[in-house]
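A.B. asks: For reference, the file upload.csv (CSV, C-alpha atoms) is included below:
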chain,number,residue,atom,x,y,z
A,1,MET,CA,21.1,-18.4,-0.9
A,2,VAL,CA,19.8,-16.2,1.9
A,3,ARG,CA,22.8,-13.9,1.3
A,4,ALA,CA,21.9,-13.7,-2.4
A,5,GLU,CA,18.4,-12.7,-1.4
A,6,LEU,CA,19.6,-10.1,1.1
A,7,VAL,CA,21.9,-8.7,-1.7
A,8,LYS,CA,18.9,-8.4,-4.0
A,9,LEU,CA,16.9,-6.7,-1.3
A,10,ALA,CA,19.7,-4.3,-0.5
A,11,GLY,CA,20.1,-3.4,-4.2
A,12,LEU,CA,16.5,-2.1,-4.5
A,13,PRO,CA,16.0,1.6,-4.0
A,14,SER,CA,12.4,1.0,-2.9
A,15,VAL,CA,13.6,-1.2,-0.1
A,16,TRP,CA,15.7,1.6,1.3
A,17,ALA,CA,12.8,4.0,0.9
A,18,ALA,CA,10.6,1.5,2.7
A,19,ALA,CA,13.1,1.2,5.5
A,20,VAL,CA,13.3,5.0,5.9
A,21,LEU,CA,9.5,5.0,5.9
A,22,GLY,CA,9.3,2.4,8.6
A,23,LEU,CA,11.9,4.3,10.7
A,24,VAL,CA,10.4,7.7,10.3
A,25,VAL,CA,6.6,7.4,10.1
A,26,PRO,CA,5.9,5.8,13.6
A,27,PRO,CA,8.1,8.2,15.6
A,28,LEU,CA,6.8,11.2,13.6
A,29,ILE,CA,3.1,10.2,14.1
A,30,ALA,CA,3.9,9.5,17.8
A,31,PHE,CA,5.4,12.9,18.1
A,32,LEU,CA,2.5,14.7,16.4
A,33,ASN,CA,0.0,12.7,18.5
A,34,SER,CA,1.8,13.2,21.8
A,35,ARG,CA,1.1,17.0,21.4
A,36,ALA,CA,-2.6,16.5,20.7
A,37,VAL,CA,-3.6,13.5,22.9
A,38,ALA,CA,-2.8,12.8,26.5
A,39,ALA,CA,-0.4,9.8,27.0
A,40,GLY,CA,-2.2,6.5,27.7
A,41,VAL,CA,-1.3,2.9,28.1
A,42,ASP,CA,-1.0,2.4,24.3
A,43,SER,CA,0.7,5.7,23.3
A,44,GLY,CA,3.6,4.9,21.1
A,45,TYR,CA,2.3,1.4,20.4
A,46,GLN,CA,-0.8,2.7,18.6
A,47,GLU,CA,1.5,4.5,16.2
A,48,LEU,CA,3.5,1.4,15.6
A,49,VAL,CA,0.4,-0.2,14.1
A,50,PHE,CA,0.3,2.5,11.4
A,51,GLY,CA,4.1,2.2,11.0
A,52,VAL,CA,3.8,-1.1,9.3
A,53,ILE,CA,3.4,0.7,5.9
A,54,GLY,CA,7.2,0.5,5.5
A,55,VAL,CA,7.4,-3.2,5.9
A,56,LEU,CA,4.3,-3.7,3.8
A,57,VAL,CA,6.2,-2.1,0.9
A,58,LEU,CA,9.3,-4.2,1.8
A,59,GLY,CA,7.3,-7.5,1.7
A,60,ALA,CA,5.5,-6.5,-1.6
A,61,VAL,CA,8.7,-5.3,-3.3
A,62,SER,CA,10.7,-8.4,-2.2
A,63,VAL,CA,8.5,-10.6,-4.5
A,64,GLY,CA,7.2,-8.0,-6.8
A,65,SER,CA,10.7,-7.0,-8.0
A,66,GLU,CA,11.2,-10.6,-9.2
A,67,TYR,CA,8.3,-10.2,-11.6
A,68,ARG,CA,9.6,-6.9,-13.2
A,69,GLY,CA,11.7,-7.7,-16.2
A,70,ARG,CA,11.5,-11.5,-15.7
A,71,GLN,CA,14.1,-11.5,-13.0
A,72,ILE,CA,12.3,-14.6,-11.6
A,73,THR,CA,13.6,-16.8,-14.5
A,74,THR,CA,17.2,-15.9,-13.7
A,75,SER,CA,16.6,-16.5,-10.0
A,76,LEU,CA,15.1,-19.9,-10.7
A,77,ILE,CA,18.0,-20.8,-13.0
A,78,CYS,CA,20.4,-20.0,-10.1
A,79,VAL,CA,18.2,-21.9,-7.5
A,80,PRO,CA,16.1,-24.4,-9.4
A,81,SER,CA,14.5,-25.9,-6.3
A,82,ARG,CA,11.5,-23.6,-5.8
A,83,GLY,CA,11.0,-24.7,-2.2
A,84,ARG,CA,14.6,-23.7,-1.3
A,85,PHE,CA,14.3,-20.5,-3.3
A,86,LEU,CA,11.1,-19.5,-1.4
A,87,ALA,CA,12.6,-20.5,2.0
A,88,ALA,CA,15.7,-18.3,1.3
A,89,LYS,CA,13.5,-15.4,0.2
A,90,THR,CA,11.3,-15.6,3.2
A,91,GLY,CA,14.3,-15.9,5.5
A,92,ALA,CA,15.9,-12.8,4.0
A,93,LEU,CA,12.7,-10.8,4.4
A,94,VAL,CA,12.4,-11.8,8.1
A,95,LEU,CA,16.1,-10.9,8.6
A,96,ALA,CA,15.5,-7.5,7.1
A,97,VAL,CA,12.2,-6.7,8.9
A,98,ALA,CA,13.0,-7.8,12.4
A,99,PRO,CA,15.9,-5.4,13.1
A,100,LEU,CA,14.0,-2.6,11.3
A,101,ALA,CA,11.0,-3.2,13.6
A,102,THR,CA,13.2,-3.3,16.7
A,103,VAL,CA,14.9,0.0,16.0
A,104,SER,CA,11.6,1.7,15.0
A,105,ALA,CA,9.9,0.4,18.1
A,106,VAL,CA,12.7,1.7,20.4
A,107,LEU,CA,12.7,5.1,18.5
A,108,THR,CA,9.0,5.5,18.8
A,109,LEU,CA,8.8,4.6,22.4
A,110,GLY,CA,11.7,6.9,23.1
A,111,VAL,CA,9.8,9.8,21.4
A,112,VAL,CA,6.8,9.3,23.7
A,113,GLY,CA,9.0,8.6,26.7
A,114,SER,CA,7.6,5.2,27.6
A,115,LEU,CA,10.8,3.2,27.0
A,116,SER,CA,11.6,1.1,30.1
A,117,ALA,CA,12.6,-2.4,31.0
A,118,GLU,CA,9.0,-3.6,31.2
A,119,ALA,CA,8.4,-2.5,27.7
A,120,GLY,CA,10.6,-5.5,26.5
A,121,PRO,CA,7.8,-8.1,26.0
A,122,ARG,CA,5.6,-5.6,24.2
A,123,ILE,CA,8.5,-4.6,21.9
A,124,VAL,CA,8.9,-8.4,21.1
A,125,GLY,CA,5.2,-8.3,20.2
A,126,VAL,CA,5.7,-5.3,17.9
A,127,VAL,CA,8.5,-7.1,16.1
A,128,ALA,CA,6.4,-10.2,15.7
A,129,TYR,CA,3.5,-8.1,14.4
A,130,TRP,CA,5.7,-6.3,11.8
A,131,VAL,CA,7.3,-9.5,10.6
A,132,LEU,CA,4.0,-11.2,10.2
A,133,THR,CA,2.5,-8.2,8.5
A,134,ALA,CA,5.4,-8.1,6.0
A,135,LEU,CA,4.9,-11.8,5.4
A,136,LEU,CA,1.2,-11.1,4.6
A,137,ALA,CA,2.1,-8.6,2.0
A,138,TYR,CA,4.8,-11.0,0.7
A,139,GLY,CA,2.4,-13.9,0.5
A,140,ILE,CA,-0.4,-12.0,-1.3
A,141,THR,CA,2.2,-10.6,-3.8
A,142,LEU,CA,3.5,-14.1,-4.5
A,143,LEU,CA,-0.1,-15.0,-5.5
A,144,THR,CA,-0.9,-11.9,-7.5
A,145,ARG,CA,2.7,-11.4,-8.9
A,146,SER,CA,2.2,-7.6,-8.5
A,147,GLY,CA,2.5,-5.5,-5.4
A,148,ILE,CA,-0.5,-3.2,-6.2
A,149,LEU,CA,-3.4,-5.3,-4.9
A,150,PRO,CA,-1.7,-6.4,-1.6
A,151,LEU,CA,-0.5,-2.8,-0.9
A,152,THR,CA,-3.9,-1.3,-1.6
A,153,ILE,CA,-5.7,-3.8,0.7
A,154,LEU,CA,-3.2,-3.7,3.5
A,155,ILE,CA,-2.5,0.0,3.5
A,156,LEU,CA,-6.2,0.7,3.5
A,157,ASN,CA,-6.6,-1.7,6.4
A,158,THR,CA,-4.0,0.1,8.5
A,159,SER,CA,-5.9,3.3,8.3
A,160,VAL,CA,-7.6,4.7,11.3
A,161,VAL,CA,-11.0,3.2,10.5
A,162,SER,CA,-9.9,-0.1,9.0
A,163,VAL,CA,-12.2,-2.3,6.9
A,164,THR,CA,-11.7,-5.0,9.6
A,165,TYR,CA,-13.1,-2.6,12.2
A,166,LEU,CA,-16.2,-2.1,10.0
A,167,LEU,CA,-16.5,-5.9,9.8
A,168,THR,CA,-16.6,-6.1,13.5
A,169,ARG,CA,-19.8,-4.2,13.5
A,170,VAL,CA,-21.4,-7.0,11.5
A,171,THR,CA,-19.8,-10.1,13.1
A,172,PRO,CA,-17.6,-10.5,16.2
A,173,LEU,CA,-15.7,-13.1,14.3
A,174,ALA,CA,-13.9,-10.3,12.5
A,175,GLY,CA,-11.8,-10.0,15.7
A,176,TYR,CA,-10.0,-13.1,14.5
A,177,LEU,CA,-8.8,-11.5,11.3
A,178,PRO,CA,-5.0,-11.3,11.2
A,179,ASP,CA,-4.6,-7.5,11.7
A,180,LEU,CA,-7.0,-7.3,14.7
A,181,ALA,CA,-5.8,-10.5,16.3
A,182,GLY,CA,-2.2,-9.7,15.8
A,183,ALA,CA,-2.5,-6.2,17.2
A,184,GLN,CA,-3.3,-7.8,20.6
A,185,LEU,CA,0.4,-8.8,20.7
A,186,PHE,CA,1.2,-5.3,22.0
A,187,ILE,CA,-1.9,-3.2,22.2
A,188,ARG,CA,-3.6,-3.3,25.6
A,189,GLY,CA,-6.8,-1.3,25.2
A,190,LEU,CA,-7.8,-2.7,21.8
A,191,ASP,CA,-11.4,-2.1,20.7
A,192,SER,CA,-12.0,-5.6,19.5
A,193,PRO,CA,-15.1,-7.9,20.0
A,194,VAL,CA,-12.9,-10.8,21.0
A,195,GLY,CA,-10.4,-10.5,23.9
A,196,LEU,CA,-7.3,-12.5,23.2
A,197,THR,CA,-4.1,-12.7,25.3
A,198,PRO,CA,-1.0,-11.4,23.5
A,199,LEU,CA,0.2,-15.0,22.9
A,200,THR,CA,-3.1,-16.3,21.4
A,201,GLY,CA,-3.5,-13.1,19.3
A,202,GLY,CA,0.0,-13.7,17.9
A,203,LEU,CA,-0.8,-17.4,17.3
A,204,VAL,CA,-4.0,-16.5,15.4
A,205,MET,CA,-2.2,-14.1,13.2
A,206,ALA,CA,0.7,-16.6,12.7
A,207,ALA,CA,-1.9,-19.2,11.6
A,208,TRP,CA,-3.3,-16.9,9.0
A,209,VAL,CA,0.2,-16.1,7.7
A,210,LEU,CA,1.1,-19.8,7.6
A,211,ALA,CA,-2.1,-20.7,5.7
A,212,LEU,CA,-1.4,-17.9,3.2
A,213,LEU,CA,2.2,-18.8,2.7
A,214,ALA,CA,1.3,-22.5,2.3
A,215,THR,CA,-1.2,-21.6,-0.4
A,216,ALA,CA,1.2,-19.2,-2.1
A,217,ALA,CA,4.0,-21.7,-2.0
A,218,ALA,CA,1.8,-24.4,-3.5
A,219,VAL,CA,0.7,-22.1,-6.3
A,220,PHE,CA,4.3,-20.9,-6.8
A,221,HIS,CA,5.5,-24.5,-7.0
A,222,ARG,CA,3.1,-25.6,-9.7
A,223,ARG,CA,2.9,-22.4,-11.8
A,224,ASP,CA,5.1,-21.5,-14.7
A,225,ALA,CA,7.6,-18.8,-13.7
B,1,MET,CA,-7.6,15.1,-31.9
B,2,ASN,CA,-5.7,12.0,-33.0
B,3,SER,CA,-3.5,12.0,-29.9
B,4,ALA,CA,-6.6,12.4,-27.7
B,5,ARG,CA,-8.2,9.4,-29.4
B,6,ALA,CA,-5.0,7.4,-29.0
B,7,GLU,CA,-4.8,8.2,-25.3
B,8,LEU,CA,-8.5,7.2,-24.8
B,9,ILE,CA,-7.9,3.9,-26.6
B,10,LYS,CA,-4.9,3.2,-24.3
B,11,LEU,CA,-7.0,3.9,-21.2
B,12,VAL,CA,-10.1,1.9,-22.3
B,13,THR,CA,-8.1,-1.1,-23.4
B,14,LEU,CA,-6.0,-1.7,-20.3
B,15,PRO,CA,-7.4,-4.7,-18.5
B,16,ALA,CA,-5.9,-3.6,-15.2
B,17,LEU,CA,-7.9,-0.3,-15.3
B,18,ALA,CA,-11.2,-2.1,-16.1
B,19,LEU,CA,-10.5,-4.5,-13.2
B,20,THR,CA,-9.7,-1.6,-10.9
B,21,VAL,CA,-13.0,0.1,-11.7
B,22,LEU,CA,-15.1,-3.0,-11.3
B,23,LEU,CA,-13.4,-3.9,-8.0
B,24,THR,CA,-13.9,-0.3,-6.7
B,25,TRP,CA,-17.6,-0.4,-7.5
B,26,ALA,CA,-18.0,-3.9,-6.0
B,27,VAL,CA,-16.2,-3.0,-2.8
B,28,THR,CA,-18.0,0.3,-2.4
B,29,ALA,CA,-21.4,-1.4,-2.9
B,30,VAL,CA,-20.5,-4.1,-0.3
B,31,LEU,CA,-19.3,-1.5,2.2
B,32,ALA,CA,-22.3,0.8,1.6
B,33,PHE,CA,-25.0,-1.9,1.8
B,34,ALA,CA,-23.8,-5.1,3.5
B,35,LEU,CA,-21.6,-3.3,6.1
B,36,ASP,CA,-23.9,-0.3,6.6
B,37,ALA,CA,-20.9,2.0,6.2
B,38,GLY,CA,-23.1,4.4,4.2
B,39,PRO,CA,-21.3,7.6,3.3
B,40,GLU,CA,-18.1,6.3,5.0
B,41,SER,CA,-17.7,3.9,2.1
B,42,ILE,CA,-16.6,6.8,-0.2
B,43,ARG,CA,-13.4,7.0,1.9
B,44,TYR,CA,-12.5,3.5,0.8
B,45,ALA,CA,-13.6,4.1,-2.8
B,46,ARG,CA,-11.0,6.8,-3.0
B,47,ALA,CA,-8.3,4.1,-2.8
B,48,GLY,CA,-9.7,2.6,-6.0
B,49,PHE,CA,-9.3,6.0,-7.8
B,50,VAL,CA,-5.7,6.2,-6.5
B,51,VAL,CA,-4.9,2.9,-8.1
B,52,LEU,CA,-6.7,4.0,-11.3
B,53,GLY,CA,-4.6,7.1,-11.7
B,54,VAL,CA,-1.4,5.3,-10.8
B,55,LEU,CA,-2.0,2.5,-13.3
B,56,ALA,CA,-3.1,4.9,-16.0
B,57,ALA,CA,0.2,6.8,-15.8
B,58,ALA,CA,2.5,4.0,-14.9
B,59,SER,CA,1.5,1.8,-17.8
B,60,GLU,CA,3.6,4.1,-20.1
B,61,TYR,CA,6.7,3.2,-18.1
B,62,ASP,CA,6.1,-0.6,-18.1
B,63,GLY,CA,8.3,-1.8,-21.0
B,64,GLY,CA,9.2,1.5,-22.5
B,65,GLN,CA,5.8,2.2,-24.1
B,66,LEU,CA,6.5,5.9,-23.5
B,67,ARG,CA,9.2,6.0,-26.2
B,68,THR,CA,6.6,4.8,-28.8
B,69,SER,CA,4.1,7.4,-27.5
B,70,LEU,CA,6.8,10.1,-27.9
B,71,VAL,CA,7.7,9.0,-31.4
B,72,CYS,CA,4.0,9.4,-32.3
B,73,THR,CA,3.5,12.7,-30.4
B,74,PRO,CA,7.0,14.3,-30.2
B,75,ARG,CA,5.8,17.5,-28.5
B,76,ARG,CA,5.9,16.6,-24.8
B,77,LEU,CA,3.8,19.5,-23.6
B,78,GLU,CA,1.0,18.4,-26.0
B,79,LEU,CA,1.3,14.8,-25.0
B,80,PHE,CA,1.2,15.6,-21.3
B,81,ALA,CA,-1.7,18.0,-21.7
B,82,VAL,CA,-3.7,15.5,-23.8
B,83,LYS,CA,-3.1,12.7,-21.3
B,84,ALA,CA,-4.3,14.9,-18.4
B,85,VAL,CA,-7.4,16.1,-20.2
B,86,VAL,CA,-8.4,12.6,-21.4
B,87,LEU,CA,-7.8,11.1,-17.9
B,88,VAL,CA,-10.0,13.7,-16.3
B,89,LEU,CA,-12.8,13.3,-18.9
B,90,ALA,CA,-12.6,9.5,-18.7
B,91,THR,CA,-12.7,9.3,-14.9
B,92,THR,CA,-15.4,11.9,-14.3
B,93,PRO,CA,-18.3,9.5,-15.3
B,94,LEU,CA,-16.7,6.8,-13.2
B,95,ALA,CA,-16.6,9.1,-10.2
B,96,VAL,CA,-20.2,10.0,-10.7
B,97,VAL,CA,-21.2,6.3,-10.6
B,98,THR,CA,-19.1,5.7,-7.6
B,99,VAL,CA,-20.7,8.6,-5.7
B,100,LEU,CA,-24.1,7.3,-6.6
B,101,ILE,CA,-23.3,3.9,-5.3
B,102,ALA,CA,-21.9,5.2,-2.0
B,103,GLY,CA,-24.7,7.7,-1.6
B,104,ALA,CA,-22.4,10.6,-0.8
B,105,GLY,CA,-19.1,12.1,-1.8
B,106,ASP,CA,-17.4,14.7,-3.8
B,107,ILE,CA,-17.0,14.0,-7.5
B,108,ALA,CA,-14.3,16.7,-8.0
B,109,ALA,CA,-12.3,15.3,-5.1
B,110,LEU,CA,-12.2,11.8,-6.7
B,111,VAL,CA,-11.1,13.2,-10.0
B,112,LEU,CA,-8.4,15.3,-8.3
B,113,THR,CA,-7.3,12.1,-6.5
B,114,VAL,CA,-6.8,10.4,-9.9
B,115,LEU,CA,-4.8,13.4,-11.1
B,116,LEU,CA,-2.6,13.4,-8.0
B,117,ALA,CA,-2.0,9.6,-8.3
B,118,ALA,CA,-1.2,9.9,-12.0
B,119,ALA,CA,1.2,12.8,-11.3
B,120,VAL,CA,3.1,10.9,-8.5
B,121,ALA,CA,3.3,7.8,-10.8
B,122,THR,CA,4.7,9.9,-13.6
B,123,VAL,CA,7.4,11.3,-11.4
B,124,LEU,CA,8.3,7.9,-9.8
B,125,ARG,CA,7.8,6.0,-13.1
B,126,GLY,CA,6.5,2.9,-11.2
B,127,ALA,CA,3.1,1.7,-10.0
B,128,VAL,CA,4.1,0.1,-6.7
B,129,PRO,CA,6.1,3.0,-5.2
B,130,ALA,CA,3.4,5.4,-6.4
B,131,VAL,CA,0.6,3.4,-4.8
B,132,ALA,CA,2.6,3.2,-1.6
B,133,VAL,CA,3.2,7.0,-1.5
B,134,VAL,CA,-0.3,8.2,-2.3
B,135,LEU,CA,-2.2,5.7,-0.2
B,136,GLY,CA,0.3,6.2,2.6
B,137,TYR,CA,-0.4,9.9,2.5
B,138,TYR,CA,-4.2,9.5,2.3
B,139,TYR,CA,-4.7,6.8,4.8
B,140,VAL,CA,-1.7,6.7,7.2
B,141,LEU,CA,-0.1,10.1,7.5
B,142,GLY,CA,-3.0,12.2,6.3
B,143,PRO,CA,-5.2,11.9,9.4
B,144,PHE,CA,-2.4,12.9,11.6
B,145,VAL,CA,-1.3,16.0,9.7
B,146,ALA,CA,-4.9,17.1,9.0
B,147,ASP,CA,-4.4,20.0,11.4
B,148,TRP,CA,-1.5,21.4,9.5
B,149,VAL,CA,-2.3,20.5,5.9
B,150,VAL,CA,-5.4,21.9,4.4
B,151,ASP,CA,-7.1,19.4,2.1
B,152,GLY,CA,-8.0,20.9,-1.2
B,153,PRO,CA,-7.1,21.1,-4.8
B,154,TRP,CA,-3.7,22.7,-4.2
B,155,LEU,CA,-1.9,19.4,-3.5
B,156,PRO,CA,-3.0,17.7,-6.7
B,157,ALA,CA,-2.3,20.9,-8.6
B,158,ALA,CA,1.2,21.2,-7.1
B,159,ALA,CA,1.9,17.5,-7.9
B,160,PHE,CA,0.6,18.0,-11.4
B,161,LEU,CA,3.0,20.9,-12.0
B,162,VAL,CA,5.9,18.9,-10.7
B,163,ALA,CA,5.0,16.0,-12.9
B,164,ALA,CA,4.6,18.3,-15.9
B,165,ALA,CA,8.1,19.8,-15.3
B,166,THR,CA,9.6,16.3,-14.9
B,167,PHE,CA,7.9,15.0,-18.0
B,168,LEU,CA,9.1,17.9,-20.1
B,169,CYS,CA,12.7,17.9,-18.9
B,170,ARG,CA,13.6,14.2,-18.3
B,171,ASP,CA,14.9,11.7,-20.8
B,172,ALA,CA,12.2,9.2,-21.7
Mind converting the file's structure to structure tokens?

C.D. replies:
Amino acid sequence: MVRAELVKLAGLPSVWAAAVLGLVVPPLIAFLNSRAVAAGVDSGYQELVFGVIGVLVLGAVSVGSEYRGRQITTSLICVPSRGRFLAAKTGALVLAVAPLATVSAVLTLGVVGSLSAEAGPRIVGVVAYWVLTALLAYGITLLTRSGILPLTILILNTSVVSVTYLLTRVTPLAGYLPDLAGAQLFIRGLDSPVGLTPLTGGLVMAAWVLALLATAAAVFHRRDA
Amino acid sequence: MNSARAELIKLVTLPALALTVLLTWAVTAVLAFALDAGPESIRYARAGFVVLGVLAAASEYDGGQLRTSLVCTPRRLELFAVKAVVLVLATTPLAVVTVLIAGAGDIAALVLTVLLAAAVATVLRGAVPAVAVVLGYYYVLGPFVADWVVDGPWLPAAAFLVAAATFLCRDA
């Protein structure tokens, strides 16, 4: 089942475009930035936050494509158990995003020249952040059955002045929103009202993603295809 | 005139477009007043206009509606021109209201954003890839290439010409 989902992903042109986007955008921005700004503790990593655009598309397209031309009815005839169908789909997405994130992180850090042995744990953080972000886009798309709303919200929120950042000016609790908490996985000098360790930040983001996926799965389970 | 009226009816009766406009205004108002973002909120309102342009153009490619449109208006140049003019005329008042809500902003820039988004959606024939491309350019890549790329009407104009050429030459 996971293989079938991987074949579906690999057969979508947008998925390949998204993969190229994820591989090209962070190193490119890092290269442009390295000529304008002096290298700091977060150079390279900062750009990997913006690089999630590729996996946002991947997450949104992975579900959204099922709802174009009623492919979902065929998929559910092949795998009638909705729980198993979703599990396979989620697994395939994670299997696609994780290697993409690893390669992109290594490339980006290579461009800024901060690739060394001690970068290892932070690269793991980048991979976790990318996978969780893709799952956010995936979960919202599962609820809305169209990739437009999740892509708009999430791309807007990866921009330089994100909506979450505006929210932190109103309430410090905004530091617990998934993007800002998750960024603590690998950003060291983060401008956030709540200081979290990489592990807690990751767990906060994972909790958001879990809650979203549980809601989306419950809705998907009960709704007509 | 008939084709202009037809295009206007298509735009006005799409529920997704009405929803996009209402959401854009609501979000802009929340940002401008509750979050004290003030003039900054127009930056985010722009995303709503991207979605508006994309949905307006991509709706023709959802289920082959374009073939019906071309049966009714077989001259492609005429159909394309009418679509563009109606889209600009319909979005201008929406842009005026948005600028009033945000308290700042450039009406022409918003309308050009709609044109750019519609042009990209026409070339890509899909809403999701078009949204990803245009928003990715405005919000992710844009700030980093601002030194090299001059913001202005030339990008929407270029995209518009490419879209026109594609629309005239490609099979529906």

A.B. asks: Nearest residue to chain B out of A:Val63, A:Leu151, A:Ala87, A:Leu58, using all atoms listed in the file?

C.D. replies: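 Once distances to chain B are computed over all atoms listed in the file, the minimum belongs to A:Leu151.
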
A.B. asks: Near range 101-104 of chain B, counting only C-alpha atoms, which residues have an atom at most 8 Å away, once you skip same-chain residues fewer than 2 positions from it, shown as a list in words?

C.D. replies: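 Once the nearby chain positions are removed, what remains is Trp25, Thr28, Ala29, Ala32, Gly38, Pro39, Ser41, Ile42, Val97, Thr98, Val99 and Asp106 of chain B.
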
A.B. asks: Between CA of Thr24 in chain B and CA of Val55 in chain A, what is the distance, to one decimal in Å?

C.D. replies: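 A separation of 24.9 Å between them.
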
A.B. asks: Would you list the residues near (-17.4, 17.3, -4.1) (no more than 12 Å away, in the coordinates of the file, using only C-alpha atoms) as a list in words?

C.D. replies: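 Checked against the point, the hits come out as Ile42, Thr92, Ala95, Val96, Val99, Ala104, Gly105, Asp106, Ile107, Ala108, Ala109, Leu110, Val111, Leu112, Thr113, Gly152 and Pro153 of chain B.
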
A.B. asks: Considering all atoms listed in the file, return as a list in words whatever protein or nucleic-acid residues lie within 12 Å of Leu35 in chain B, sequence-local ones (same chain, fewer than 5 positions apart) excluded.

C.D. replies: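 Using all atoms listed in the file, the neighbours found are Val163, Thr164, Tyr165, Leu166, Leu167, Thr168, Arg169, Val170 and Thr171 of chain A; Val27, Thr28, Ala29, Val30, Glu40, Ser41 and Ala102 of chain B.
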
A.B. asks: Could you add the missing atoms to range 160-171 of chain B, up to N, CA and C atoms, and return them as a PDB file, keeping the file's coordinate frame?

C.D. replies:
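Writing the result to part-v8.pdb gives the following:
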ATOM      1  N   PHE B 160       0.751  17.989  -9.950  1.00  0.00           N
ATOM      2  CA  PHE B 160       0.600  18.000 -11.400  1.00  0.00           C
ATOM      3  C   PHE B 160       1.648  18.883 -12.061  1.00  0.00           C
ATOM      4  N   LEU B 161       1.953  20.036 -11.470  1.00  0.00           N
ATOM      5  CA  LEU B 161       3.000  20.900 -12.000  1.00  0.00           C
ATOM      6  C   LEU B 161       4.358  20.265 -11.974  1.00  0.00           C
ATOM      7  N   VAL B 162       4.644  19.613 -10.820  1.00  0.00           N
ATOM      8  CA  VAL B 162       5.900  18.900 -10.700  1.00  0.00           C
ATOM      9  C   VAL B 162       6.044  17.831 -11.752  1.00  0.00           C
ATOM     10  N   ALA B 163       4.940  17.080 -11.925  1.00  0.00           N
ATOM     11  CA  ALA B 163       5.000  16.000 -12.900  1.00  0.00           C
ATOM     12  C   ALA B 163       5.160  16.564 -14.319  1.00  0.00           C
ATOM     13  N   ALA B 164       4.499  17.696 -14.615  1.00  0.00           N
ATOM     14  CA  ALA B 164       4.600  18.300 -15.900  1.00  0.00           C
ATOM     15  C   ALA B 164       6.099  18.712 -16.171  1.00  0.00           C
ATOM     16  N   ALA B 165       6.709  19.348 -15.154  1.00  0.00           N
ATOM     17  CA  ALA B 165       8.100  19.800 -15.300  1.00  0.00           C
ATOM     18  C   ALA B 165       9.006  18.574 -15.501  1.00  0.00           C
ATOM     19  N   THR B 166       8.787  17.501 -14.711  1.00  0.00           N
ATOM     20  CA  THR B 166       9.600  16.300 -14.900  1.00  0.00           C
ATOM     21  C   THR B 166       9.458  15.700 -16.243  1.00  0.00           C
ATOM     22  N   PHE B 167       8.201  15.621 -16.682  1.00  0.00           N
ATOM     23  CA  PHE B 167       7.900  15.000 -18.000  1.00  0.00           C
ATOM     24  C   PHE B 167       8.556  15.750 -19.113  1.00  0.00           C
ATOM     25  N   LEU B 168       8.585  17.079 -18.996  1.00  0.00           N
ATOM     26  CA  LEU B 168       9.100  17.900 -20.100  1.00  0.00           C
ATOM     27  C   LEU B 168      10.654  17.827 -20.123  1.00  0.00           C
ATOM     28  N   CYS B 169      11.291  17.699 -18.952  1.00  0.00           N
ATOM     29  CA  CYS B 169      12.700  17.900 -18.900  1.00  0.00           C
ATOM     30  C   CYS B 169      13.506  16.534 -18.901  1.00  0.00           C
ATOM     31  N   ARG B 170      12.874  15.448 -18.488  1.00  0.00           N
ATOM     32  CA  ARG B 170      13.600  14.200 -18.300  1.00  0.00           C
ATOM     33  C   ARG B 170      13.721  13.379 -19.549  1.00  0.00           C
ATOM     34  N   ASP B 171      14.819  12.627 -19.692  1.00  0.00           N
ATOM     35  CA  ASP B 171      14.900  11.700 -20.800  1.00  0.00           C
ATOM     36  C   ASP B 171      13.834  10.608 -20.637  1.00  0.00           C
TER      37      ASP B 171
END
